[in-house]
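K.L.:
Got target06.tsv for you, TSV, C-alpha atoms:
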```tsv
chain	number	residue	atom	x	y	z
A	1	MET	CA	13.69	65.70	-25.02
A	2	SER	CA	13.00	63.71	-28.22
A	3	THR	CA	15.34	61.21	-29.85
A	4	LEU	CA	16.00	61.59	-33.58
A	5	LYS	CA	15.75	58.34	-35.60
A	6	PRO	CA	18.32	57.84	-38.31
A	7	PRO	CA	16.82	58.00	-41.81
A	8	GLY	CA	15.94	54.61	-43.47
A	9	PRO	CA	17.69	53.35	-46.60
A	10	THR	CA	16.68	55.16	-49.69
A	11	TRP	CA	16.50	53.67	-53.22
A	12	THR	CA	18.49	55.38	-55.79
A	13	ILE	CA	18.04	55.28	-59.51
A	14	GLY	CA	20.95	52.87	-59.70
A	15	ASP	CA	19.21	50.50	-57.31
A	16	TYR	CA	16.12	50.44	-59.48
A	17	VAL	CA	18.20	49.89	-62.57
A	18	GLY	CA	20.00	47.00	-60.91
A	19	LEU	CA	16.75	45.41	-59.77
A	20	PHE	CA	15.27	45.74	-63.21
A	21	GLY	CA	18.38	44.25	-64.75
A	22	GLY	CA	18.26	41.30	-62.33
A	23	LEU	CA	14.62	40.60	-63.05
A	24	THR	CA	15.28	40.87	-66.76
A	25	GLY	CA	18.12	38.39	-66.46
A	26	LEU	CA	15.94	35.98	-64.48
A	27	VAL	CA	13.14	36.21	-67.04
A	28	GLY	CA	15.70	35.68	-69.80
A	29	ALA	CA	17.04	32.59	-68.05
A	30	VAL	CA	13.53	31.17	-67.68
A	31	ILE	CA	12.80	31.89	-71.35
A	32	ALA	CA	16.08	30.26	-72.34
A	33	LEU	CA	15.24	27.20	-70.25
A	34	LEU	CA	11.81	26.94	-71.83
A	35	GLY	CA	13.35	27.34	-75.26
A	36	TRP	CA	15.83	24.54	-74.54
A	37	VAL	CA	13.03	22.24	-73.34
A	38	GLU	CA	10.96	23.07	-76.43
A	39	ALA	CA	13.92	22.49	-78.73
A	40	ARG	CA	14.63	19.14	-77.09
A	41	GLU	CA	10.98	18.10	-77.47
A	42	SER	CA	11.02	19.26	-81.09
A	43	ARG	CA	14.14	17.17	-81.74
A	44	ARG	CA	12.47	14.16	-80.13
A	45	ILE	CA	9.30	14.58	-82.22
A	46	ALA	CA	11.39	15.05	-85.37
A	47	ALA	CA	13.42	11.92	-84.61
A	48	GLU	CA	10.24	9.87	-84.01
A	49	ALA	CA	8.68	11.22	-87.21
A	50	GLN	CA	11.83	10.33	-89.14
A	51	ALA	CA	11.87	6.82	-87.67
A	52	LEU	CA	8.16	6.39	-88.50
A	53	ALA	CA	8.70	7.65	-92.04
A	54	LYS	CA	11.58	5.19	-92.52
A	55	LYS	CA	9.45	2.36	-91.16
A	56	ASN	CA	6.60	3.27	-93.52
A	57	TYR	CA	9.04	3.41	-96.43
A	58	ASP	CA	10.56	0.04	-95.51
A	59	ARG	CA	7.05	-1.45	-95.27
A	60	ALA	CA	5.95	0.01	-98.61
A	61	ALA	CA	9.19	-1.14	-100.25
A	62	GLY	CA	8.77	-4.68	-98.94
A	63	MET	CA	11.85	-4.44	-96.73
A	64	LEU	CA	9.86	-5.06	-93.54
A	65	PRO	CA	8.70	-8.71	-93.65
A	66	ALA	CA	5.62	-10.22	-92.09
A	67	ARG	CA	6.47	-12.82	-89.45
A	68	LEU	CA	3.80	-15.50	-89.49
A	69	GLU	CA	4.31	-18.88	-87.85
A	70	ILE	CA	2.37	-22.06	-88.64
A	71	VAL	CA	1.17	-23.52	-85.35
A	72	GLY	CA	-0.36	-26.63	-86.92
A	73	ILE	CA	-3.55	-28.18	-88.28
A	74	ILE	CA	-6.59	-28.91	-86.13
A	75	PRO	CA	-7.98	-31.35	-85.35
A	76	THR	CA	-4.81	-33.40	-85.05
A	77	VAL	CA	-4.73	-37.06	-86.06
A	78	GLU	CA	-4.82	-37.99	-82.36
A	79	GLN	CA	-7.96	-35.89	-81.82
A	80	ILE	CA	-9.91	-37.64	-84.59
A	81	ASP	CA	-12.09	-40.54	-83.48
A	82	GLU	CA	-10.77	-44.03	-84.23
A	83	ALA	CA	-14.03	-44.83	-86.03
A	84	MET	CA	-12.90	-42.38	-88.73
A	85	LYS	CA	-9.67	-44.26	-89.43
A	86	THR	CA	-8.94	-47.17	-91.74
A	87	ASN	CA	-6.14	-49.61	-92.53
A	88	LEU	CA	-4.52	-48.70	-95.83
A	89	LEU	CA	-3.12	-51.71	-97.71
A	90	GLY	CA	-3.86	-53.75	-94.63
A	91	ALA	CA	-1.07	-52.12	-92.64
A	92	MET	CA	-0.99	-48.35	-92.31
A	93	ARG	CA	-3.61	-46.76	-90.05
A	94	VAL	CA	-4.83	-43.50	-91.60
A	95	VAL	CA	-7.67	-40.99	-91.24
A	96	GLU	CA	-10.46	-41.62	-93.76
A	97	LEU	CA	-12.69	-38.70	-94.73
A	98	ALA	CA	-15.12	-40.99	-96.52
A	99	SER	CA	-17.56	-38.34	-97.73
A	100	LEU	CA	-17.95	-34.63	-98.38
A	101	ASP	CA	-20.09	-34.34	-95.27
A	102	ARG	CA	-17.34	-35.99	-93.25
A	103	LEU	CA	-14.77	-33.53	-94.66
A	104	LEU	CA	-17.04	-30.60	-93.77
A	105	GLY	CA	-17.66	-32.03	-90.32
A	106	VAL	CA	-13.99	-32.43	-89.51
A	107	ASN	CA	-13.23	-29.07	-91.16
A	108	PRO	CA	-9.41	-29.28	-91.26
A	109	THR	CA	-8.17	-25.87	-90.13
A	110	LEU	CA	-4.77	-24.21	-90.37
A	111	VAL	CA	-3.67	-22.34	-87.24
A	112	VAL	CA	-1.15	-19.50	-87.65
A	113	LYS	CA	0.28	-16.89	-85.28
A	114	ASN	CA	1.66	-13.39	-85.83
A	115	VAL	CA	5.04	-13.57	-84.08
A	116	GLY	CA	6.29	-10.25	-85.48
A	117	SER	CA	5.85	-6.64	-84.35
A	118	GLU	CA	3.64	-5.47	-87.24
A	119	PRO	CA	-0.08	-6.09	-87.95
A	120	ILE	CA	-1.09	-8.41	-90.81
A	121	ASP	CA	-4.12	-7.72	-93.02
A	122	THR	CA	-4.16	-10.62	-95.53
A	123	ILE	CA	-3.31	-14.32	-95.38
A	124	ARG	CA	-2.72	-16.52	-98.42
A	125	VAL	CA	-2.98	-20.33	-98.26
A	126	GLU	CA	-1.78	-22.68	-101.02
A	127	THR	CA	-2.83	-26.32	-101.05
A	128	ARG	CA	-1.02	-28.81	-103.29
A	129	TYR	CA	-1.54	-32.53	-103.82
A	130	PHE	CA	2.01	-33.82	-104.11
A	131	LYS	CA	1.80	-37.57	-103.64
A	132	GLY	CA	-0.72	-40.35	-103.14
A	133	MET	CA	-1.95	-43.77	-104.12
A	134	VAL	CA	-5.04	-45.89	-104.74
A	135	ASP	CA	-5.63	-49.18	-102.98
A	136	MET	CA	-5.82	-51.59	-105.96
A	137	ILE	CA	-5.35	-54.86	-104.11
A	138	GLY	CA	-7.51	-57.52	-105.78
A	139	LEU	CA	-8.18	-55.57	-108.97
A	140	ALA	CA	-7.63	-57.03	-112.41
A	141	GLU	CA	-4.33	-56.19	-114.15
A	142	LYS	CA	-6.16	-54.02	-116.68
A	143	ALA	CA	-7.54	-51.75	-113.97
A	144	VAL	CA	-4.18	-51.51	-112.22
A	145	SER	CA	-2.44	-50.40	-115.41
A	146	GLN	CA	-4.73	-47.39	-116.02
A	147	PRO	CA	-2.90	-44.07	-116.67
A	148	THR	CA	-2.08	-41.87	-113.69
A	149	ARG	CA	-4.47	-39.00	-113.01
A	150	TRP	CA	-2.71	-35.65	-113.40
A	151	VAL	CA	-3.56	-32.67	-111.23
A	152	LEU	CA	-3.64	-29.78	-113.70
A	153	GLU	CA	-4.23	-26.99	-111.18
A	154	GLN	CA	-1.04	-27.79	-109.34
A	155	ALA	CA	-1.79	-25.54	-106.37
A	156	LYS	CA	-5.07	-24.11	-105.11
A	157	ARG	CA	-4.43	-20.57	-103.92
A	158	GLU	CA	-6.85	-18.85	-101.54
A	159	GLU	CA	-6.46	-15.29	-100.26
A	160	TYR	CA	-8.22	-14.10	-97.13
A	161	PRO	CA	-8.42	-10.31	-96.54
A	162	LEU	CA	-9.02	-10.17	-92.81
A	163	SER	CA	-12.05	-8.40	-91.36
A	164	GLN	CA	-9.73	-7.10	-88.65
A	165	LYS	CA	-5.97	-6.83	-88.37
A	166	LEU	CA	-4.02	-9.80	-87.05
A	167	LEU	CA	-2.06	-8.02	-84.34
A	168	PRO	CA	1.27	-9.20	-82.90
A	169	GLY	CA	0.70	-12.21	-80.66
A	170	GLN	CA	-2.73	-13.04	-82.07
A	171	VAL	CA	-3.70	-16.37	-83.64
A	172	ALA	CA	-5.80	-16.94	-86.78
A	173	GLU	CA	-7.65	-20.11	-87.84
A	174	VAL	CA	-8.24	-20.68	-91.56
A	175	SER	CA	-10.37	-23.51	-93.01
A	176	LEU	CA	-8.56	-25.75	-95.52
A	177	VAL	CA	-11.70	-27.37	-96.97
A	178	ARG	CA	-11.79	-25.46	-100.28
A	179	GLY	CA	-8.14	-26.08	-101.11
A	180	LEU	CA	-8.25	-29.75	-100.13
A	181	LEU	CA	-11.47	-30.44	-102.01
A	182	SER	CA	-10.18	-28.77	-105.18
A	183	GLN	CA	-7.06	-30.96	-105.21
A	184	MET	CA	-8.89	-34.15	-104.20
A	185	ILE	CA	-11.41	-34.13	-107.05
A	186	GLN	CA	-8.60	-33.62	-109.57
A	187	SER	CA	-6.44	-36.44	-108.23
A	188	GLN	CA	-9.13	-39.07	-107.66
A	189	ASP	CA	-9.91	-41.77	-110.24
A	190	ALA	CA	-13.57	-41.66	-111.24
A	191	ASP	CA	-13.24	-45.16	-112.70
A	192	LEU	CA	-12.47	-46.52	-109.23
A	193	PRO	CA	-15.18	-44.81	-107.15
A	194	ASP	CA	-15.29	-47.39	-104.36
A	195	ARG	CA	-11.55	-47.82	-103.91
A	196	VAL	CA	-9.68	-46.09	-101.11
A	197	HIS	CA	-7.59	-43.16	-102.31
A	198	PHE	CA	-4.79	-41.79	-100.17
A	199	GLY	CA	-3.17	-38.41	-100.60
A	200	SER	CA	-0.65	-36.14	-98.92
A	201	PHE	CA	-1.28	-32.42	-99.29
A	202	GLN	CA	1.29	-29.70	-98.86
A	203	ILE	CA	-0.08	-26.60	-97.14
A	204	ARG	CA	1.89	-23.39	-97.59
A	205	CYS	CA	1.05	-20.09	-95.94
A	206	TYR	CA	1.95	-16.46	-96.65
A	207	ALA	CA	1.12	-13.12	-95.01
A	208	ARG	CA	1.04	-9.46	-96.02
A	209	LEU	CA	1.53	-6.59	-93.63
A	210	VAL	CA	-0.87	-3.66	-93.42
A	211	GLY	CA	0.36	-1.34	-96.17
A	212	GLY	CA	2.80	-3.95	-97.51
A	213	PRO	CA	3.16	-4.57	-101.27
A	214	THR	CA	3.86	-8.30	-101.30
A	215	TYR	CA	3.46	-11.53	-99.34
A	216	ASP	CA	6.08	-13.16	-97.14
A	217	ALA	CA	6.28	-16.89	-96.52
A	218	ALA	CA	5.55	-18.11	-93.02
A	219	LEU	CA	8.54	-18.99	-90.87
A	220	SER	CA	10.11	-22.47	-90.74
A	221	ASP	CA	9.74	-22.98	-94.52
A	222	GLY	CA	6.12	-21.84	-94.31
A	223	GLU	CA	4.58	-25.25	-94.90
A	224	THR	CA	3.01	-28.27	-93.26
A	225	ILE	CA	1.66	-31.62	-94.51
A	226	MET	CA	-1.79	-33.19	-94.16
A	227	SER	CA	-2.51	-36.78	-95.22
A	228	PHE	CA	-5.75	-38.76	-95.28
A	229	ALA	CA	-7.80	-41.30	-97.26
A	230	TRP	CA	-11.15	-40.99	-99.04
A	231	LYS	CA	-13.37	-42.68	-101.64
A	232	PRO	CA	-14.56	-40.85	-104.79
A	233	ASN	CA	-18.11	-42.14	-104.42
A	234	GLY	CA	-18.42	-40.03	-101.28
A	235	TYR	CA	-17.69	-36.88	-103.28
A	236	PRO	CA	-20.33	-36.42	-106.02
A	237	SER	CA	-19.08	-33.97	-108.62
A	238	ASN	CA	-22.20	-31.77	-108.55
A	239	ARG	CA	-22.01	-31.29	-104.76
A	240	CYS	CA	-18.29	-30.65	-104.88
A	241	GLU	CA	-18.65	-28.03	-107.60
A	242	GLU	CA	-21.45	-26.32	-105.69
A	243	MET	CA	-19.35	-26.30	-102.54
A	244	LEU	CA	-16.34	-24.81	-104.31
A	245	SER	CA	-18.43	-22.08	-105.94
A	246	LYS	CA	-20.37	-21.03	-102.84
A	247	MET	CA	-18.24	-21.74	-99.78
A	248	GLN	CA	-16.60	-18.65	-98.25
A	249	PRO	CA	-14.61	-19.72	-95.18
A	250	HIS	CA	-14.49	-17.39	-92.18
A	251	VAL	CA	-11.11	-16.58	-90.64
A	252	LEU	CA	-11.30	-16.69	-86.85
A	253	ILE	CA	-8.91	-14.39	-84.98
A	254	ARG	CA	-8.25	-14.83	-81.30
```
Can the structure in the file be given as structure tokens, please?

P.N.:
Amino acid sequence: MSTLKPPGPTWTIGDYVGLFGGLTGLVGAVIALLGWVEARESRRIAAEAQALAKKNYDRAAGMLPARLEIVGIIPTVEQIDEAMKTNLLGAMRVVELASLDRLLGVNPTLVVKNVGSEPIDTIRVETRYFKGMVDMIGLAEKAVSQPTRWVLEQAKREEYPLSQKLLPGQVAEVSLVRGLLSQMIQSQDADLPDRVHFGSFQIRCYARLVGGPTYDAALSDGETIMSFAWKPNGYPSNRCEEMLSKMQPHVLIR
């Protein structure tokens, strides 16, 4: 005698409709989730693009300043050999750059650092002779009473477009020889070629950002002072003029 098995569950049209509706709802939820993620990413990209556009506008409008800091001048007075120093007026011990070759050998160099968050593409250095004297001890009264030499080019301005960007945190070294030499030969007295001349030179520095319209002064007043002695007979005019016309200092970035 055989045993009859009860019939298995059968799917009705309603079951299929319900299943289809559930799958459709699931797919819709996944699509909605993907759409939300895409919209959020689009909002993020739009916000970043807007911030970048504002930054570019601020830079182009000069509202985003370059932040350049003067580290100092190398070599320092302490690093220069004592044999290159002299007693001025019998009292003050000063560095003496007695000749053009000595100036080139020492190669006074300005060290600056980008302490901002934006890259810099050009550095400007201004050198100005702002005070000095000539050792006239022992000279006749007529020589002492000669008129003061006037520096007509009151500041020597040099601009250095960099071969590579000065990135945040990087340091640049710029030779000061051209600016110093230009001011020295104007201030020295050719009638006293063997007398010690002493001068103090104001060094000012400026920087321009990549894409920026103007220069900004370096931080902390953007200036430093360099002082030293020399004698005019160590700086022949023909050699000085040749040096000023041909010398193209290299800016070292590290």

K.L.:
Taking all atoms listed in the file into account, name the residue in A:Val177, A:Val125, A:Ile203, A:Ile253 that is nearest to A:Gly72.

P.N.:
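Among the listed residues, A:Ile203 lies closest to A:Gly72.
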
K.L.:
Once you add 3 Å to each side, what are the centre and edge lengths of the axis-aligned box holding all listed atoms of stretch 222-228 of chain A? One decimal in Å, as JSON, if you can.

P.N.:
```
{"center_x": 0.2, "center_y": -30.3, "center_z": -94.3, "size_x": 17.9, "size_y": 22.9, "size_z": 8.0}
```

K.L.:
Rounded to one decimal in Å, what is the spacing between atom CA of A:Tyr129 and atom CA of A:Gln183?

P.N.:
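Going from atom CA of A:Tyr129 over to atom CA of A:Gln183, I get 5.9 Å.
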
K.L.:
Give me, as a list in words, all polymer residues having an atom no more than 10 Å from A:Gly132, counting all atoms listed in the file and skipping those fewer than 3 positions away in the same chain.

P.N.:
Tyr129, Ser187, Gln188, His197, Phe198, Gly199, Ser200, Phe201, Ser227, Phe228 and Ala229 of chain A

K.L.:
Could you check the closest approach to A:Asn87 for each of A:Asp135, A:Asp189, A:Glu41, A:Glu69 and tell me which residue wins, using only C-alpha atoms?

P.N.:
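So, comparing all the options, the nearest one is A:Asp135.
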
K.L.:
To one decimal in Å, tell me the separation between atom CA of A:Glu173 and atom CA of A:Val251.

P.N.:
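These atoms are spaced 5.7 Å apart.
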
K.L.:
In Å, how far is it from atom CA of A:Lys113 to atom CA of A:Pro168?

P.N.:
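Taking atom CA of A:Lys113 and atom CA of A:Pro168, their separation equals 8.1 Å.
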
K.L.:
Under the rule that only C-alpha atoms are counted, which of A:Asn233, A:Thr224, A:Ser245, A:Thr10 is the nearest residue to A:Leu192?

P.N.:
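Between A:Asn233, A:Thr224, A:Ser245, A:Thr10, the residue approaching A:Leu192 most closely is A:Asn233.
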
K.L.:
Would you kindly return, as a PyMOL selection string, each protein, DNA or RNA residue with an atom no farther than 7 Å from any atom of A:Lys231, considering all atoms listed in the file and excluding same-chain residues fewer than 5 positions away?

P.N.:
chain A and resi 98+193-197

K.L.:
Mind listing as an NGL selection string all residues within 12 Å of (-13.6, -45.8, -91.3), counting all atoms listed in the file?

P.N.:
:A and (80-88 or 93-99 or 102 or 196 or 228-231)

K.L.:
Can you list, as a list of chain:residue names, every protein, DNA or RNA residue that comes within 12 Å of A:Gln154 when you count only C-alpha atoms, leaving out same-chain residues fewer than 2 positions away?

P.N.:
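With the cut-off at 12 Å, the set is A:Glu126, A:Thr127, A:Arg128, A:Tyr129, A:Phe130, A:Lys131, A:Trp150, A:Val151, A:Leu152, A:Lys156, A:Arg157, A:Gly179, A:Leu180, A:Ser182, A:Gln183, A:Met184, A:Gln186, A:Ser187, A:Phe201, A:Gln202.
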
K.L.:
Tell me which of A:Asp216, A:Leu100, A:Ser117, A:Ser175 sits closest to A:Pro232, counting only C-alpha atoms.

P.N.:
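Between A:Asp216, A:Leu100, A:Ser117, A:Ser175, the residue approaching A:Pro232 most closely is A:Leu100.
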
K.L.:
Within 8 Å of stretch 160-166 of chain A, counting only C-alpha atoms, which residues qualify if same-chain residues fewer than 5 places away don't, as a PyMOL selection string?

P.N.:
chain A and resi 114+119-124+171-172+210+251+253

K.L.:
Create the file for the chosen residues now, containing C-alpha atoms and written as a tab-separated table (two decimals), in the frame of the given file.

P.N.:
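Everything below was put into part.tsv:
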```tsv
chain	number	residue	atom	x	y	z
A	114	ASN	CA	1.66	-13.39	-85.83
A	119	PRO	CA	-0.08	-6.09	-87.95
A	120	ILE	CA	-1.09	-8.41	-90.81
A	121	ASP	CA	-4.12	-7.72	-93.02
A	122	THR	CA	-4.16	-10.62	-95.53
A	123	ILE	CA	-3.31	-14.32	-95.38
A	124	ARG	CA	-2.72	-16.52	-98.42
A	171	VAL	CA	-3.70	-16.37	-83.64
A	172	ALA	CA	-5.80	-16.94	-86.78
A	210	VAL	CA	-0.87	-3.66	-93.42
A	251	VAL	CA	-11.11	-16.58	-90.64
A	253	ILE	CA	-8.91	-14.39	-84.98
```

K.L.:
Return the single residue from A:Arg178, A:Arg208, A:Arg43, A:Lys246 that is closest to A:Pro65, with distances computed using only C-alpha atoms.

P.N.:
A:Arg208

K.L.:
Hey, could you patch up stretch 167-201 of chain A with N, CA and C atoms and hand it over as a compact mmCIF listing (two decimals), in the coordinates of the input?

P.N.:
```txt
# COMPACT_ATOMS: atom_id res chain seq x y z
N LEU A 167 -3.06 -8.76 -85.10
CA LEU A 167 -2.06 -8.02 -84.34
C LEU A 167 -0.97 -8.95 -83.82
N PRO A 168 0.20 -8.38 -83.46
CA PRO A 168 1.27 -9.20 -82.90
C PRO A 168 0.78 -10.03 -81.71
N GLY A 169 1.11 -11.31 -81.74
CA GLY A 169 0.70 -12.21 -80.66
C GLY A 169 -0.63 -12.90 -80.87
N GLN A 170 -1.42 -12.43 -81.83
CA GLN A 170 -2.73 -13.04 -82.07
C GLN A 170 -2.62 -14.26 -82.98
N VAL A 171 -3.64 -15.13 -82.89
CA VAL A 171 -3.70 -16.37 -83.64
C VAL A 171 -4.89 -16.33 -84.59
N ALA A 172 -4.71 -16.85 -85.81
CA ALA A 172 -5.80 -16.94 -86.78
C ALA A 172 -6.02 -18.39 -87.17
N GLU A 173 -7.28 -18.76 -87.41
CA GLU A 173 -7.65 -20.11 -87.84
C GLU A 173 -8.32 -20.01 -89.20
N VAL A 174 -7.77 -20.76 -90.18
CA VAL A 174 -8.24 -20.68 -91.56
C VAL A 174 -8.66 -22.08 -92.03
N SER A 175 -9.89 -22.21 -92.52
CA SER A 175 -10.37 -23.51 -93.01
C SER A 175 -9.60 -23.91 -94.27
N LEU A 176 -9.28 -25.20 -94.37
CA LEU A 176 -8.56 -25.75 -95.52
C LEU A 176 -9.47 -26.52 -96.48
N VAL A 177 -10.78 -26.52 -96.22
CA VAL A 177 -11.70 -27.37 -96.97
C VAL A 177 -11.66 -27.07 -98.47
N ARG A 178 -11.73 -25.80 -98.86
CA ARG A 178 -11.79 -25.46 -100.28
C ARG A 178 -10.54 -25.94 -101.02
N GLY A 179 -9.39 -25.68 -100.45
CA GLY A 179 -8.14 -26.08 -101.11
C GLY A 179 -8.01 -27.59 -101.21
N LEU A 180 -8.33 -28.29 -100.12
CA LEU A 180 -8.25 -29.75 -100.13
C LEU A 180 -9.22 -30.36 -101.14
N LEU A 181 -10.45 -29.89 -101.12
CA LEU A 181 -11.47 -30.44 -102.01
C LEU A 181 -11.10 -30.23 -103.48
N SER A 182 -10.58 -29.06 -103.80
CA SER A 182 -10.18 -28.77 -105.18
C SER A 182 -9.11 -29.74 -105.66
N GLN A 183 -8.14 -30.05 -104.81
CA GLN A 183 -7.06 -30.96 -105.21
C GLN A 183 -7.52 -32.42 -105.20
N MET A 184 -8.40 -32.77 -104.29
CA MET A 184 -8.89 -34.15 -104.20
C MET A 184 -9.64 -34.57 -105.47
N ILE A 185 -10.57 -33.73 -105.92
CA ILE A 185 -11.41 -34.13 -107.05
C ILE A 185 -10.61 -34.19 -108.35
N GLN A 186 -9.46 -33.51 -108.40
CA GLN A 186 -8.60 -33.62 -109.57
C GLN A 186 -7.77 -34.90 -109.54
N SER A 187 -7.37 -35.30 -108.35
CA SER A 187 -6.44 -36.44 -108.23
C SER A 187 -7.16 -37.78 -108.16
N GLN A 188 -8.45 -37.79 -107.83
CA GLN A 188 -9.13 -39.07 -107.66
C GLN A 188 -9.49 -39.70 -109.01
N ASP A 189 -9.60 -41.01 -109.02
CA ASP A 189 -9.91 -41.77 -110.24
C ASP A 189 -11.40 -42.10 -110.25
N ALA A 190 -12.13 -41.44 -111.16
CA ALA A 190 -13.57 -41.66 -111.24
C ALA A 190 -13.92 -43.07 -111.66
N ASP A 191 -12.98 -43.78 -112.28
CA ASP A 191 -13.24 -45.16 -112.70
C ASP A 191 -13.09 -46.15 -111.54
N LEU A 192 -12.62 -45.67 -110.41
CA LEU A 192 -12.47 -46.52 -109.23
C LEU A 192 -13.17 -45.85 -108.05
N PRO A 193 -14.47 -45.63 -108.14
CA PRO A 193 -15.18 -44.81 -107.15
C PRO A 193 -15.25 -45.42 -105.76
N ASP A 194 -15.15 -46.75 -105.67
CA ASP A 194 -15.29 -47.39 -104.36
C ASP A 194 -13.96 -47.84 -103.77
N ARG A 195 -12.87 -47.44 -104.42
CA ARG A 195 -11.55 -47.82 -103.91
C ARG A 195 -10.98 -46.68 -103.04
N VAL A 196 -10.27 -47.08 -102.02
CA VAL A 196 -9.68 -46.09 -101.11
C VAL A 196 -8.55 -45.33 -101.81
N HIS A 197 -8.65 -44.03 -101.82
CA HIS A 197 -7.59 -43.16 -102.31
C HIS A 197 -6.87 -42.55 -101.11
N PHE A 198 -5.58 -42.40 -101.25
CA PHE A 198 -4.79 -41.79 -100.17
C PHE A 198 -3.95 -40.67 -100.75
N GLY A 199 -3.95 -39.53 -100.09
CA GLY A 199 -3.17 -38.41 -100.60
C GLY A 199 -2.49 -37.63 -99.48
N SER A 200 -1.35 -37.07 -99.81
CA SER A 200 -0.65 -36.14 -98.92
C SER A 200 -0.70 -34.76 -99.57
N PHE A 201 -1.07 -33.77 -98.78
CA PHE A 201 -1.28 -32.42 -99.29
C PHE A 201 -0.32 -31.46 -98.58
```
